[in-house]
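Remarks on the structure that follows.
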Amino acid sequence: MNYNEAKAKLDSIGQSQLLKYYDELDDQAKQDLLDQIEETDFKVVESIKVKDTMNVRGVISPIESMELPEIEKNADKFRATGLDAIKKGEVAAVLLAGGMGTRLGSDDPKGMYDIGITKHVYIFQRLIENLMDVVKEAGVYVPLFIMTSDKNNEATINFFKTMNFFGYDPSYISFFKQDMAPATDYEGHVYLEEKGRIATSPNGNAGWFISMEKAGLARKAKEQGIKWINIFAVDNVLQRIADPVFIGAVIDGGFVSGSKVVRKAAKDEKVGAMCLEDGKPSIVEYYDMTPELMDAVNEKGDPAYNFGVILNYLFSIDELYAILEKQLPLHVVEKKIPYIDENGNLVKPEEPNGYKFEQLVLDMIHQMKNSLPFEVVREKEFAPIKNKTGVDSVESARELCKKNGIEL
Ligand code: UTP
């Protein structure tokens with residue numbers, strides 16, 4: 001795209017401010033900016049106009065979870081099914097590591113964070129160690145795909161290389177980048193993060209399958225015989241990945257997807273709860289939890305929305321292909337966005353100053369025919385690191401690791 005084409009594109013959508021500093025740039029920076037303008041999907045910005053109405057919820061009703069006693073009773077059978085699938089090479093894992101980790105406040109990718117006390121224990125290392133348990137049990141490596149973003153791809157790959165992939169066979173690890181979305185002020189004007197660079201951020205954790213497909217990896221995985229993909233968040237240092245019992249429960253039950261859940265610590269806990277929405281599996285976010293939903297009971301007389309998701313899901317790859325063309329809803333979220341002001345200075349705001357646009361994996365669950373909510377023991381499998389201190393922090397995760405006999 002040349003300058004005139006870029007200008008015409010931007011003029012037609014009211015974003016010509018992005019060329020304000022063009023004349024000050026050197027030739028390479030000029031070309032980079034024109035390339036970015038060509039690649040950027042500005043359509044997402046239109047969703048600001050409909051942000052209050054676009055994600056209207058359907059009718060919420062309870063979903064039945066598979067709870068611990070039932071899982072314990074059938075654990076051997078589930079484990080055998082799950083291990084069989086893993087041994088046949090039908091299961092892969094996808095690490096969602098494209099996020100910015102802003103709450104943790106480190107400049108490095110979140111997985112590089114060291115939670116060790118007497119020795120180095122990096123978040124990525126904990127995840128690989130957890131996956132290695134299954135590799136040892138099954139006697140085969142589980143293909144691992146790691147999703148990064150433009151902002152952390154190089155640092156993530158370099159770190160894995162430097163750390164020798166924490167002992168994982170690198171031929172079973174592939175990296176791919178998720179797409180980026182522009183960030184805007186409250187009027188929908190896209191910010192510049194540098195004079196020659198549009199402000200962008202990763203487009204949410206639901207972009208993973210489309211990006212994996214674009215990178216040619218999803219097709220390859222399918223051709224290779226992979227039938228199930230277990231996606232998981234970067235920040236839960238205790239979670240079991242490619243857990244044979246979970247996989248077996250989903251397969252034996254004839255489900256197309258499964259969602260690991262924990263019993264909520266309190267009815268108003270800030271986690272999304274599994275539910276049915278218009279009869280299809282879904283997640284009601286904590287901020288949508290009305291007092292009625294909090295107090296509702298199911299047929300058994302138990303709290304009806306008592307199981308929170310932990311961002312560890314299993315999907316049938318065929319089902320993922322079936323929904324590939326379907327548009328996922330866009331979430332318009334208020335964030336602090338560093339930007340170049342009208343005087344050409346970089347501003348790092350203390351308060352939110354605009355919008356980012358994200359697609360969330362929970363909306364993928366809603367597009368599934370069904371999803372098995374599968375209970376796991378909270379203290380053994382849920383140690384998310386969102387903040388440095390306090391709730392869901394490095395501190396709380398360290399405590400939980402110690403309780404589980406993990407040396408730090
Ligand atoms: P969070 O919603 O906790 O976001 O991500 P985050 O970026 O890690 O942290 P904050 O909100 O900026 O503090 C949950 C999971 O989804 C991944 C994250 O890497 C994490 O594993 N994620 C999030 C992506 O892979 N891409 C995204 O665009 C957003």
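Residue names in the structure tokens use chain letters A, B, ... in the order shown, residue numbers from 1 in each chain, and ligand numbers from 1 in the order shown.
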Excluding segment 250-255 of chain A and any residue of its chain fewer than 5 positions from it, enumerate the residues within 7 Å of it, using only C-alpha atoms, and give them as an MDAnalysis selection string. chainID A and resid 370:372
As a PyMOL selection string, please: every residue in segment 170-275 of chain A that a backbone DSSP assignment puts in alpha helix (DSSP H). chain A and resi 208-214+217-223+244-252
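For segment 313-327 of chain A, the list of residues within 8 Å, based on only C-alpha atoms and with local chain neighbours fewer than 5 positions off taken out, reads A:Phe209, A:Ile210, A:Lys222, A:Ile226, A:Lys227, A:Trp228, A:Ile229, A:Asn230, A:Ile231, A:Phe232, A:Ile247, A:Val256, A:Ser257, A:Gly258, A:Ser259, A:Lys260, A:Gln367, A:Met368.
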Using 8 Å as the limit and counting only C-alpha atoms and all ligand atoms, can you tabulate each residue of chain A that touches ligand 1, with its shortest atom-to-atom distance in Å and the two atoms involved, as JSON lines?
```
{"residue": "A:Leu95", "atom": "CA", "partner": "ligand 1", "partner_atom_place_in_ligand_line": "21 (O)", "distance": 7.1}
{"residue": "A:Leu96", "atom": "CA", "partner": "ligand 1", "partner_atom_place_in_ligand_line": "25 (O)", "distance": 4.0}
{"residue": "A:Ala97", "atom": "CA", "partner": "ligand 1", "partner_atom_place_in_ligand_line": "19 (O)", "distance": 3.6}
{"residue": "A:Gly98", "atom": "CA", "partner": "ligand 1", "partner_atom_place_in_ligand_line": "25 (O)", "distance": 3.4}
{"residue": "A:Gly99", "atom": "CA", "partner": "ligand 1", "partner_atom_place_in_ligand_line": "7 (O)", "distance": 3.3}
{"residue": "A:Met100", "atom": "CA", "partner": "ligand 1", "partner_atom_place_in_ligand_line": "7 (O)", "distance": 3.8}
{"residue": "A:Gly101", "atom": "CA", "partner": "ligand 1", "partner_atom_place_in_ligand_line": "9 (O)", "distance": 3.4}
{"residue": "A:Thr102", "atom": "CA", "partner": "ligand 1", "partner_atom_place_in_ligand_line": "12 (O)", "distance": 3.7}
{"residue": "A:Arg103", "atom": "CA", "partner": "ligand 1", "partner_atom_place_in_ligand_line": "13 (O)", "distance": 3.6}
{"residue": "A:Leu104", "atom": "CA", "partner": "ligand 1", "partner_atom_place_in_ligand_line": "13 (O)", "distance": 5.9}
{"residue": "A:Gly105", "atom": "CA", "partner": "ligand 1", "partner_atom_place_in_ligand_line": "13 (O)", "distance": 7.6}
{"residue": "A:Lys110", "atom": "CA", "partner": "ligand 1", "partner_atom_place_in_ligand_line": "8 (O)", "distance": 7.1}
{"residue": "A:Met147", "atom": "CA", "partner": "ligand 1", "partner_atom_place_in_ligand_line": "25 (O)", "distance": 6.3}
{"residue": "A:Thr148", "atom": "CA", "partner": "ligand 1", "partner_atom_place_in_ligand_line": "25 (O)", "distance": 6.6}
{"residue": "A:Ser149", "atom": "CA", "partner": "ligand 1", "partner_atom_place_in_ligand_line": "26 (N)", "distance": 7.3}
{"residue": "A:Gln178", "atom": "CA", "partner": "ligand 1", "partner_atom_place_in_ligand_line": "26 (N)", "distance": 7.2}
{"residue": "A:Met180", "atom": "CA", "partner": "ligand 1", "partner_atom_place_in_ligand_line": "28 (O)", "distance": 7.9}
{"residue": "A:Ser201", "atom": "CA", "partner": "ligand 1", "partner_atom_place_in_ligand_line": "28 (O)", "distance": 7.1}
{"residue": "A:Pro202", "atom": "CA", "partner": "ligand 1", "partner_atom_place_in_ligand_line": "28 (O)", "distance": 4.0}
{"residue": "A:Asn203", "atom": "CA", "partner": "ligand 1", "partner_atom_place_in_ligand_line": "28 (O)", "distance": 4.6}
{"residue": "A:Gly204", "atom": "CA", "partner": "ligand 1", "partner_atom_place_in_ligand_line": "28 (O)", "distance": 3.1}
{"residue": "A:Asn205", "atom": "CA", "partner": "ligand 1", "partner_atom_place_in_ligand_line": "26 (N)", "distance": 3.9}
{"residue": "A:Ala206", "atom": "CA", "partner": "ligand 1", "partner_atom_place_in_ligand_line": "26 (N)", "distance": 7.4}
{"residue": "A:Gly207", "atom": "CA", "partner": "ligand 1", "partner_atom_place_in_ligand_line": "26 (N)", "distance": 7.4}
{"residue": "A:Trp208", "atom": "CA", "partner": "ligand 1", "partner_atom_place_in_ligand_line": "25 (O)", "distance": 7.3}
{"residue": "A:Phe232", "atom": "CA", "partner": "ligand 1", "partner_atom_place_in_ligand_line": "21 (O)", "distance": 6.8}
{"residue": "A:Ala233", "atom": "CA", "partner": "ligand 1", "partner_atom_place_in_ligand_line": "21 (O)", "distance": 3.4}
{"residue": "A:Val234", "atom": "CA", "partner": "ligand 1", "partner_atom_place_in_ligand_line": "21 (O)", "distance": 3.8}
{"residue": "A:Asp235", "atom": "CA", "partner": "ligand 1", "partner_atom_place_in_ligand_line": "21 (O)", "distance": 5.7}
{"residue": "A:Leu311", "atom": "CA", "partner": "ligand 1", "partner_atom_place_in_ligand_line": "15 (C)", "distance": 7.2}
{"residue": "A:Glu358", "atom": "CA", "partner": "ligand 1", "partner_atom_place_in_ligand_line": "28 (O)", "distance": 6.7}
{"residue": "A:Gln359", "atom": "CA", "partner": "ligand 1", "partner_atom_place_in_ligand_line": "28 (O)", "distance": 7.9}
{"residue": "A:Leu360", "atom": "CA", "partner": "ligand 1", "partner_atom_place_in_ligand_line": "29 (C)", "distance": 8.0}
{"residue": "A:Lys386", "atom": "CA", "partner": "ligand 1", "partner_atom_place_in_ligand_line": "13 (O)", "distance": 5.8}
{"residue": "A:Asn387", "atom": "CA", "partner": "ligand 1", "partner_atom_place_in_ligand_line": "13 (O)", "distance": 7.2}
```
Show me, as a PyMOL selection string, the residues that have an atom within 10 Å of segment 330-332 of chain A when counting only C-alpha atoms, minus same-chain residues fewer than 3 positions from it. chain A and resi 44-45+47-48+50-52+54-55+183+203-204+327+335+354-360+363
Can you spit out the residues from that selection as a PDB file, in the first residue's frame, using N, CA, C and O atoms?
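Saved as result_1.pdb:
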```
ATOM      1  N   VAL A  44     -13.461  -3.346  13.557  1.00  0.00           N
ATOM      2  CA  VAL A  44     -13.790  -3.610  14.977  1.00  0.00           C
ATOM      3  C   VAL A  44     -14.222  -2.332  15.692  1.00  0.00           C
ATOM      4  O   VAL A  44     -15.022  -2.375  16.620  1.00  0.00           O
ATOM      5  N   VAL A  45     -13.689  -1.196  15.225  1.00  0.00           N
ATOM      6  CA  VAL A  45     -13.969   0.075  15.900  1.00  0.00           C
ATOM      7  C   VAL A  45     -15.466   0.404  15.882  1.00  0.00           C
ATOM      8  O   VAL A  45     -16.001   1.006  16.810  1.00  0.00           O
ATOM      9  N   SER A  47     -17.808  -1.386  16.506  1.00  0.00           N
ATOM     10  CA  SER A  47     -18.575  -2.037  17.579  1.00  0.00           C
ATOM     11  C   SER A  47     -18.758  -1.120  18.794  1.00  0.00           C
ATOM     12  O   SER A  47     -19.592  -1.394  19.652  1.00  0.00           O
ATOM     13  N   ILE A  48     -18.020  -0.004  18.845  1.00  0.00           N
ATOM     14  CA  ILE A  48     -18.217   0.942  19.957  1.00  0.00           C
ATOM     15  C   ILE A  48     -19.663   1.435  19.964  1.00  0.00           C
ATOM     16  O   ILE A  48     -20.286   1.545  21.017  1.00  0.00           O
ATOM     17  N   VAL A  50     -22.322   0.009  19.155  1.00  0.00           N
ATOM     18  CA  VAL A  50     -23.361  -0.933  19.604  1.00  0.00           C
ATOM     19  C   VAL A  50     -22.918  -1.689  20.866  1.00  0.00           C
ATOM     20  O   VAL A  50     -23.481  -2.715  21.217  1.00  0.00           O
ATOM     21  N   LYS A  51     -21.920  -1.126  21.552  1.00  0.00           N
ATOM     22  CA  LYS A  51     -21.329  -1.896  22.651  1.00  0.00           C
ATOM     23  C   LYS A  51     -22.299  -2.212  23.793  1.00  0.00           C
ATOM     24  O   LYS A  51     -22.138  -3.212  24.473  1.00  0.00           O
ATOM     25  N   ASP A  52     -23.301  -1.350  23.984  1.00  0.00           N
ATOM     26  CA  ASP A  52     -24.218  -1.614  25.089  1.00  0.00           C
ATOM     27  C   ASP A  52     -25.315  -2.613  24.737  1.00  0.00           C
ATOM     28  O   ASP A  52     -25.988  -3.119  25.607  1.00  0.00           O
ATOM     29  N   MET A  54     -24.818  -5.081  21.986  1.00  0.00           N
ATOM     30  CA  MET A  54     -24.402  -6.196  21.130  1.00  0.00           C
ATOM     31  C   MET A  54     -24.270  -7.525  21.877  1.00  0.00           C
ATOM     32  O   MET A  54     -24.391  -8.576  21.280  1.00  0.00           O
ATOM     33  N   ASN A  55     -24.016  -7.459  23.176  1.00  0.00           N
ATOM     34  CA  ASN A  55     -23.844  -8.724  23.884  1.00  0.00           C
ATOM     35  C   ASN A  55     -24.986  -9.006  24.853  1.00  0.00           C
ATOM     36  O   ASN A  55     -24.768  -9.406  25.987  1.00  0.00           O
ATOM     37  N   ALA A 183      -6.411  -0.015  19.115  1.00  0.00           N
ATOM     38  CA  ALA A 183      -6.992   0.527  20.351  1.00  0.00           C
ATOM     39  C   ALA A 183      -7.357   1.987  20.109  1.00  0.00           C
ATOM     40  O   ALA A 183      -6.643   2.713  19.400  1.00  0.00           O
ATOM     41  N   ASN A 203      -5.966  -9.531  20.299  1.00  0.00           N
ATOM     42  CA  ASN A 203      -7.426  -9.416  20.119  1.00  0.00           C
ATOM     43  C   ASN A 203      -8.252 -10.361  21.000  1.00  0.00           C
ATOM     44  O   ASN A 203      -9.338 -10.766  20.634  1.00  0.00           O
ATOM     45  N   GLY A 204      -7.710 -10.733  22.133  1.00  0.00           N
ATOM     46  CA  GLY A 204      -8.472 -11.567  23.061  1.00  0.00           C
ATOM     47  C   GLY A 204      -8.115 -13.040  22.919  1.00  0.00           C
ATOM     48  O   GLY A 204      -7.554 -13.453  21.916  1.00  0.00           O
ATOM     49  N   GLN A 327     -19.001 -15.801  13.396  1.00  0.00           N
ATOM     50  CA  GLN A 327     -18.429 -14.611  14.011  1.00  0.00           C
ATOM     51  C   GLN A 327     -18.588 -14.689  15.535  1.00  0.00           C
ATOM     52  O   GLN A 327     -19.679 -14.960  16.034  1.00  0.00           O
ATOM     53  N   LYS A 335      -9.592   0.339  28.811  1.00  0.00           N
ATOM     54  CA  LYS A 335      -8.231   0.035  29.267  1.00  0.00           C
ATOM     55  C   LYS A 335      -7.374   1.302  29.274  1.00  0.00           C
ATOM     56  O   LYS A 335      -7.733   2.303  28.657  1.00  0.00           O
ATOM     57  N   GLY A 354      -9.588   4.685  26.979  1.00  0.00           N
ATOM     58  CA  GLY A 354     -10.141   4.271  25.694  1.00  0.00           C
ATOM     59  C   GLY A 354     -10.509   2.803  25.673  1.00  0.00           C
ATOM     60  O   GLY A 354     -10.652   2.173  26.726  1.00  0.00           O
ATOM     61  N   TYR A 355     -10.642   2.297  24.452  1.00  0.00           N
ATOM     62  CA  TYR A 355     -11.153   0.933  24.286  1.00  0.00           C
ATOM     63  C   TYR A 355     -10.162   0.018  23.571  1.00  0.00           C
ATOM     64  O   TYR A 355      -9.462   0.435  22.656  1.00  0.00           O
ATOM     65  N   LYS A 356     -10.204  -1.252  24.029  1.00  0.00           N
ATOM     66  CA  LYS A 356      -9.578  -2.334  23.272  1.00  0.00           C
ATOM     67  C   LYS A 356     -10.686  -3.293  22.870  1.00  0.00           C
ATOM     68  O   LYS A 356     -11.760  -3.284  23.487  1.00  0.00           O
ATOM     69  N   PHE A 357     -10.423  -4.121  21.882  1.00  0.00           N
ATOM     70  CA  PHE A 357     -11.470  -4.994  21.329  1.00  0.00           C
ATOM     71  C   PHE A 357     -11.024  -6.446  21.431  1.00  0.00           C
ATOM     72  O   PHE A 357      -9.968  -6.799  20.910  1.00  0.00           O
ATOM     73  N   GLU A 358     -11.830  -7.236  22.127  1.00  0.00           N
ATOM     74  CA  GLU A 358     -11.407  -8.613  22.391  1.00  0.00           C
ATOM     75  C   GLU A 358     -12.505  -9.623  22.104  1.00  0.00           C
ATOM     76  O   GLU A 358     -13.681  -9.357  22.356  1.00  0.00           O
ATOM     77  N   GLN A 359     -12.089 -10.766  21.634  1.00  0.00           N
ATOM     78  CA  GLN A 359     -13.006 -11.904  21.560  1.00  0.00           C
ATOM     79  C   GLN A 359     -12.597 -12.853  22.671  1.00  0.00           C
ATOM     80  O   GLN A 359     -11.405 -13.078  22.898  1.00  0.00           O
ATOM     81  N   LEU A 360     -13.587 -13.391  23.375  1.00  0.00           N
ATOM     82  CA  LEU A 360     -13.281 -14.196  24.555  1.00  0.00           C
ATOM     83  C   LEU A 360     -13.636 -15.659  24.341  1.00  0.00           C
ATOM     84  O   LEU A 360     -14.642 -15.985  23.720  1.00  0.00           O
ATOM     85  N   ASP A 363     -17.048 -17.299  24.729  1.00  0.00           N
ATOM     86  CA  ASP A 363     -18.050 -17.265  23.663  1.00  0.00           C
ATOM     87  C   ASP A 363     -17.917 -18.457  22.716  1.00  0.00           C
ATOM     88  O   ASP A 363     -18.854 -18.807  22.007  1.00  0.00           O
TER      89      ASP A 363
END
```
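If only C-alpha atoms are the atoms counted, then among A:Gln36, A:Val377, A:Met294, A:Ala138 the closest residue to Val91 of chain A is A:Ala138.
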DSSP on the backbone, then: every residue of segment 195-268 of chain A marked strand (DSSP E), written as number ranges by chain. A: 197-198, 200-202, 228-233, 257-263
Would you pick out the contacts of segment 63-76 of chain A at 12 Å or less, using only C-alpha atoms, so that residues sharing its chain but fewer than 3 positions from it are not included, and give the list as JSON, numbers by chain? {"A": [60, 79, 80, 81, 82, 83, 243, 244, 245, 246, 247, 248, 249, 250, 252, 253, 258, 259, 260, 261, 262, 263, 273, 274, 275, 276, 277, 278, 279, 280, 281, 282, 283, 284, 297, 298, 299, 300, 302, 303, 304, 305, 306, 307, 308, 309, 370, 371, 372, 373, 374, 375, 376, 377, 378]}
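Ranking A:Asp27, A:Glu193, A:Glu129, A:Glu350 by their shortest atom-to-atom distance to Ile241 of chain A, with only C-alpha atoms included, puts A:Glu129 first.
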